[in-house]
Structures are given as C-alpha cells and as structure tokens.
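Inspection log for the structure reproduced underneath, given as structure tokens.
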Amino acid sequence: MTYPTQPTASHFINGQYVEDTDGTPIDVIYPATGEVIGRVHSATPAIIERALDAARNAQAAWAAMTGTERGRILRRAADIMRERNHDLSVLETYDTGKPYQETSVVDATSGADALEYFGGMAATLTGEHIQLGEDWVYTRREPLGVCVGIGAWNYPTQIASWKGAPALACGNTMVFKPSETTPLCALKVAEILYEAGAPAGVYNVVQGLGDVGAALVTDARVDKVSLTGSVPTGRKVYAAAAAGIKHVTMELGGKSPMIVFDDADIENAVSGAILGNFYSSGQVCSNGTRVFVHRDIKEAFLSRLSERLAHAVIGDPQDPDTSFGPMVSERQMNIVLGYIAKGQAEGARLVYGGKRLDKNGFYLEPTVFADVRDDMSIAREEIFGPVMAVLDFEDEGDVMVRANDTEFGLAAGVFTRDLARAHRVAAGFQAGTCYINTYNDAPVEAPFGGSKQSGVGRENSKTAIEHYSQLKSIYVRMGDLEAPF
Ligand code: NDP
C-alpha cells in the first residue's frame with residue numbers, strides 16, 4: 001500500500017533521511033486492517049551517535065540566531081503544515097488508525113498551532129534588569145542545549161510538535177524518538193522544519209523501542225528529556241535523567257474524574273463524557289474515565305448516552321463520515337478487552353458495547369459500565385481505550401474525596417449550572433488540567449500537564465518556556481571591590 005507523503009527512510013538526521021538496515025525491523029501496521037504498510041529500522045548505536053552529534057553540533061549556531069529569525073522559521077513550518085494538512089492527516093490516520101474526521105482537525109493543526117505560538121514567542125524571550133543601588137544584575141534566558149523528546153503513540157504529530165516548538169524557540173536542538181507503534185508522522189515534522197529553514201541537525205528523528213529511548217536519555221550530550229508516556233515508563237526515564245541531573249518534562253498517564261451534578265445540562269454532560277472517553281477510541285491521556293453521575297440523574301444520563309453512542313459511525317477511518325476508529329494495535333486492543341472482562345468479573349453492569357467487532361482491524365465497541373465501585377480495577381487503572389466507568393454519588397464533599405483518591409492527577413472535569421460550585425470543585429481537584437462544562441480542550445495558549453504521578457512540568461503556553469530554558473544571573477559591580485585581606 002502506498003500513502004501520501006510517505007517518509008523515504010527510517011530516520012531524519014542532519015537535514016536528511018538516513019537508513020541503516022542493520023537496525024531491528026519495525027513493521028508499521030495499519031490498525032484498520034492489520035496490514036503491514038511500511039517498515040522502519042530501529043536506530044543502531046551508529047545512528048544514535050549521528051543524531052546526537054548532529055544536534056550537538058547545530059546547537060550553538062541555532063542559539064546564536066535572533067529569536068525573530070528562529071521564530072520566522074517555526075512560523076513558516078506552521079504554514080507548510082497547514083498547507084499539507086490533508087496529506088498529513090491521511091498519514092496520521094494510517095499511523096494511528098484514528099478517523100480522518102479527527103486527524104484533519106486535531107493533529108497537524110495543533111502541531112501547527114504550537115509552531116506558530118512558540119514561533120511568535122521566540123523573539124519576546126528576554127532576561128531582566130535588577131537594580132541593586134549602584135550595582136545591578138541582569139539575567140540572560142539561555143537554552144538548555146540538546147533536548148530529547150520521546151513520544152507515545154496516540155498523537156504522533158502533535159507530540160513531536162508540542163515538544164519541538166518550544167525547544168527550538170528557546171534555541172535548543174532536538175532528537176525525537178517516536179513510539180515504535182507510530183513511527184511515521186514525526187519524520188514529516190522533521191522534514192517540514194528543515195524545509196522551512198531550520199538548519200541541518202536542529203531537529204532530528206530516530207526510530208526505536210524503549211532501548212533507543214534509554215540510550216538517548218543517558219547520553220552525556222543530552223541536557224533535557226521530555227517524555228509523553230505511561231507512569232511506569234516515566235519512572236524509568238525520570239530516574240535515568242536524574243542520574244545525569246538533566247532537566248525533565250514528564251507527561252504521563254491518568255485516570256481522571258468527571259463529575260456530573262444533578263443540575264447539569266444532561267445533553268452537554270453526555271457530550272463531555274463522549275468526548276472524554278471515546279474520542280481517538282479512548283486513547284487520550286487526559287480522558288475523564290471515571291464519570292461520577294449524581295444518583296438522581298443517573299438513569300437519564302445512561303439512557304441518553306446509549307442513544308447517542310448508537311450514532312457512532314464505526315468503520316474505515318479514512319472515510320470522513322467515520323467517527324470511531326480501531327485501537328492503535330492488536331496488543332492495545334487485547335489490553336482493553338482484558339479490562340472489559342475484569343469489569344464484568346468484578347460485578348460492574350455492562351450498559352453498552354463490550355465486544356470486539358467482527359471485522360478486520362483492531363475494532364472495539366464503545367463500552368460503558370455502570371454501578372462501578374471505587375475499588376474495581378476499571379475505576380483505578382488506566383485502560384487507555386474506549387471504556388467508560390460510571391459511578392454514583394449523592395454528596396459533593398464525598399464525591400470530591402473519591403475523585404481525588406487516585407495516584408494520578410492529570411485532568412478532571414465538572415458539569416453543573418451552579419457557578420460557585422463549579423469553581424469550588426475545580427479548585428478542589430488534585431489535577432493539573434481541569435474543565436468546567438467541557439472536556440479535553442487543549443489549546444496551545446493554556447498550560448497542559450499533570451500533578452501527582454501524572455507528571456512533572458507543563459507543556460504549551462508561556463510556561464513551557466521555563467521548561468526549555470534557564471536563567472543566567474550576571475552581577476555587575478560599578479565601584480571598587482573590597483576584600484577582607
Ligand atoms: P509508553 O510509556 O509505553 O511509551 C512511551 C515512549 O517511551 C515510547 O516511545 C516508548 O518506546 C518509550 N520508552 C519505553 N521505555 C523506555 C525507557 N526505558 N527509556 C526511554 N524511553 C522508553 O507509553 P505508550 O506509548 O504506550 O503510550 C500510552 C501512555 O502514554 C499512556 O499511559 C498515556 O496516558 C500516556 N500519555 C500521556 C500524555 C500526556 O500528555 N500526559 C499524552 C498521551 C499519552 P516504545 O513504545 O517504542 O518501546
């Protein structure tokens with residue numbers, strides 16, 4: 001099978017596609033059919049060496065450019081990404097299986113937003129002047145150096161861009177390793193940045209499994225690591241980075257609560273629950289997978305939810321009418337099926353779905369469990385699939401304790417018409433990214449990230465600059481210098 005804008009080799013290093021077939025082959029599987037649609041090779045030590053050398057060698061000259069010049073390149077890359085949105089979206093759909101209906105409005109477009117936003121900021125990055133009597137201190141905002149980005153498989157274009165854009169805006173260079181499950185899209189991000197004028201070596205992509213990620217994280221040439229992945233991987237990568245006292249950003253998993261009060265607009269709450277559980281077939285880190293619904297409206301909520309789920313168009317993800325696609329891989333599908341079986345075994349009531357579809361590819365039905373208890377596996381563990389757990393509650397104080405009773409703290413949402421309650425609940429959530437009467441919006445202008453075990457640092461917004469740069473203080477004495485002897 002051929003697909004548009006097919007990358008021409010496994011890696012993109014120093015401004016060109018590079019192949020090394022000595023690396024372990026990684027098949028690219030189209031989740032909608034199970035067919036192998038491409039093959040890349042994992043980076044060999046020689047490839048890792050070339051990528052890190054390229055990033056290290058390019059960094060000083062890139063940092064020496066003015067912010068305006070760097071920003072212009074990033075904004076040009078944003079324009080190219082938008083012009084090619086259709087082809088990039090088709091590729092994203094082949095890589096992940098997510099419906100074109102989603103990829104055409106979320107992936108390359110949000111990558112372009114990040115390039116445009118941080119491109120615009122690049123020229124505004126300054127230090128400050130601190131007057132101390134006659135003396136003074138000034139600060140310089142300096143890049144960290146070489147950054148390593150490691151991505152998950154659910155948003156390959158977006159993750160490569162969300163990490164690359166602020167890193168490059170600040171004058172860093174990057175080596176990015178996509179997930180082995182979705183190796184294609186990040187190569188296009190690298191190609192576009194180069195075409196837009198980023199000098200060779202500024203943004204490089206290498207393929208590989210966790211061992212390649214681990215080799216990058218532990219290399220002495222690397223100053224910062226930004227990971228999007230699961231909590232267990234986060235622990236390993238954070239520990240490895242700590243050994244070298246490297247800067248980190250950790251965007252990890254979640255088991256986020258969504259609370260629907262009895263005064264909520266049910267139609268909006270159902271929309272929020274659908275967006276927060278079934279978009280991208282549920283493969284979204286910030287999903288609100290524990291849906292606490294007030295006992296008085298529970299049955300109304302469940303019946304409206306079931307009616308609306310019956311309208312999901314499940315099928316060929318390249319068809320623009322399809323609104324629900326397959327899981328990213330057979331492995332992920334089987335993990336989710338395991339949780340569905342556990343939910344039933346532990347006594348939750350299956351309200352909707354629950355089965356694999358009888359067709360090629362890794363398709364599951366959107367699945368809803370009701371009468372879920374807090375101690376069930378489907379209420380405690382991240383499933384990363386289209387499985388919603390609906391739990392009952394009556395009292396606000398009680399539901400807040402239950403909502404926060406988790407090791408995760410990525411996101412949380414509340415649906416209510418009571419203004420004071422909405423803000424009180426949002427303030428009480430132990431989570432980095434919260435929503436009132438909506439769910440899963442992630443504009444580049446707003447900080448995104450988790451608290452507790454869901455992460456360290458923030459992506460997007462002005463705050464990301466703090467995570468890709470460091471301040472140098474320079475004390476300037478204007479008079480004579482006295483010393484004790
Ligand atoms: P994983 O944690 O399995 O992998 C993430 C990345 O880390 C992959 O590229 C993986 O390589 C790599 N990796 C694995 N082991 C190591 C290691 N020891 N050192 C360095 N790199 C390593 O996550 P998934 O890809 O399965 O993605 C799903 C997870 O990502 C979920 O938990 C989800 O919540 C989270 N996520 C978080 C987001 C956020 O912003 N907070 C957004 C999206 C997803 P490979 O897989 O190729 O072996």
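By convention in this document, the chains of the structure tokens carry letters A, B, ... by their order, each chain's residues are numbered from 1, and ligands are numbered from 1 in the order they are shown.
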Spatial neighbours of range 459-463 of chain A, 6 Å, only C-alpha atoms, chain gap at least 3 places, as number ranges by chain: A: 444-448, 466
Residues as selected, C-alpha atoms, written as a PDB file, in the first residue's frame, can you do that?
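What follows is the written file result-v6.pdb:
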ATOM      1  CA  VAL A 444      -1.664  25.802  22.881  1.00  0.00           C
ATOM      2  CA  GLU A 445      -2.206  29.011  24.857  1.00  0.00           C
ATOM      3  CA  ALA A 446      -3.043  27.100  28.073  1.00  0.00           C
ATOM      4  CA  PRO A 447      -0.621  25.099  30.248  1.00  0.00           C
ATOM      5  CA  PHE A 448      -1.149  21.348  29.947  1.00  0.00           C
ATOM      6  CA  GLU A 466      10.521  27.818  31.666  1.00  0.00           C
TER       7      GLU A 466
END
Just the residues within 12 Å of Pro7 in chain A, please, counting only C-alpha atoms, with nothing from its chain fewer than 4 positions along; format it as a PyMOL selection string. chain A and resi 2-3+11-12+16-19+28+37-40+87-88+91+95+183-192+205
Using only C-alpha atoms and all ligand atoms, what table do you get, as a Markdown table, when you list each residue of chain A with an atom no more than 7 Å from ligand 1, its nearest pair of atoms, and their distance in Å rounded to one decimal, rows by chain then rising number?
| residue | atom | partner | partner_atom_place_in_ligand_line | distance |
| --- | --- | --- | --- | --- |
| A:Ile150 | CA | ligand 1 | 9 (O) | 5.2 |
| A:Gly151 | CA | ligand 1 | 9 (O) | 4.6 |
| A:Ala152 | CA | ligand 1 | 25 (O) | 3.5 |
| A:Trp153 | CA | ligand 1 | 25 (O) | 4.8 |
| A:Asn154 | CA | ligand 1 | 43 (C) | 6.0 |
| A:Tyr155 | CA | ligand 1 | 43 (C) | 6.8 |
| A:Lys177 | CA | ligand 1 | 9 (O) | 6.2 |
| A:Pro178 | CA | ligand 1 | 9 (O) | 5.1 |
| A:Ser179 | CA | ligand 1 | 9 (O) | 3.5 |
| A:Glu180 | CA | ligand 1 | 47 (O) | 3.5 |
| A:Thr181 | CA | ligand 1 | 47 (O) | 6.3 |
| A:Gly208 | CA | ligand 1 | 47 (O) | 5.6 |
| A:Leu209 | CA | ligand 1 | 48 (O) | 3.5 |
| A:Gly210 | CA | ligand 1 | 15 (N) | 3.6 |
| A:Asp211 | CA | ligand 1 | 17 (C) | 6.0 |
| A:Val212 | CA | ligand 1 | 20 (C) | 6.8 |
| A:Gly213 | CA | ligand 1 | 20 (C) | 3.6 |
| A:Ala214 | CA | ligand 1 | 19 (N) | 3.6 |
| A:Val217 | CA | ligand 1 | 20 (C) | 6.5 |
| A:Leu227 | CA | ligand 1 | 7 (O) | 6.7 |
| A:Thr228 | CA | ligand 1 | 37 (C) | 5.0 |
| A:Gly229 | CA | ligand 1 | 30 (O) | 3.2 |
| A:Ser230 | CA | ligand 1 | 32 (O) | 3.2 |
| A:Val231 | CA | ligand 1 | 32 (O) | 6.1 |
| A:Pro232 | CA | ligand 1 | 2 (O) | 6.5 |
| A:Thr233 | CA | ligand 1 | 2 (O) | 4.4 |
| A:Gly234 | CA | ligand 1 | 2 (O) | 6.6 |
| A:Lys236 | CA | ligand 1 | 18 (N) | 5.5 |
| A:Val237 | CA | ligand 1 | 19 (N) | 5.1 |
| A:Glu251 | CA | ligand 1 | 41 (N) | 3.6 |
| A:Leu252 | CA | ligand 1 | 41 (N) | 3.9 |
| A:Gly253 | CA | ligand 1 | 34 (O) | 3.0 |
| A:Gly254 | CA | ligand 1 | 34 (O) | 5.5 |
| A:Val284 | CA | ligand 1 | 43 (C) | 5.8 |
| A:Cys285 | CA | ligand 1 | 34 (O) | 3.6 |
| A:Ser286 | CA | ligand 1 | 41 (N) | 6.6 |
| A:Glu382 | CA | ligand 1 | 32 (O) | 6.9 |
| A:Phe384 | CA | ligand 1 | 31 (C) | 6.5 |
| A:Leu410 | CA | ligand 1 | 41 (N) | 6.7 |
| A:Gly449 | CA | ligand 1 | 41 (N) | 6.0 |
| A:Gly450 | CA | ligand 1 | 41 (N) | 6.6 |
| A:Ser454 | CA | ligand 1 | 41 (N) | 6.5 |
| A:Gly455 | CA | ligand 1 | 41 (N) | 6.8 |
Nearest-residue call for Tyr339 in chain A, choices A:Pro326, A:Gly361, A:Pro199, A:Gly385, using only C-alpha atoms: A:Gly385
Using CA of Met81 in chain A and CA of Leu193 in chain A as the two end points, give the distance in Å to one decimal.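 Between these atoms lies a distance of 9.3 Å.
The smallest atom-to-atom distance between Asp374 in chain A and any of A:Leu419, A:Ala411, A:Met478, A:Ala403, using only C-alpha atoms, is found for A:Ala403.
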Minimum-distance residue to Leu74 in chain A, chosen among A:Pro45, A:Gly127, A:Gly171, A:Gly145 (using only C-alpha atoms): A:Gly171
Leaving out range 61-66 of chain A and any residue of its chain fewer than 3 positions from it, which residues lie within 7 Å of it when counting only C-alpha atoms, given as a list in words?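 Selected residues are Ala58, Glu69, Arg70, Gly171 and Asn172 of chain A.
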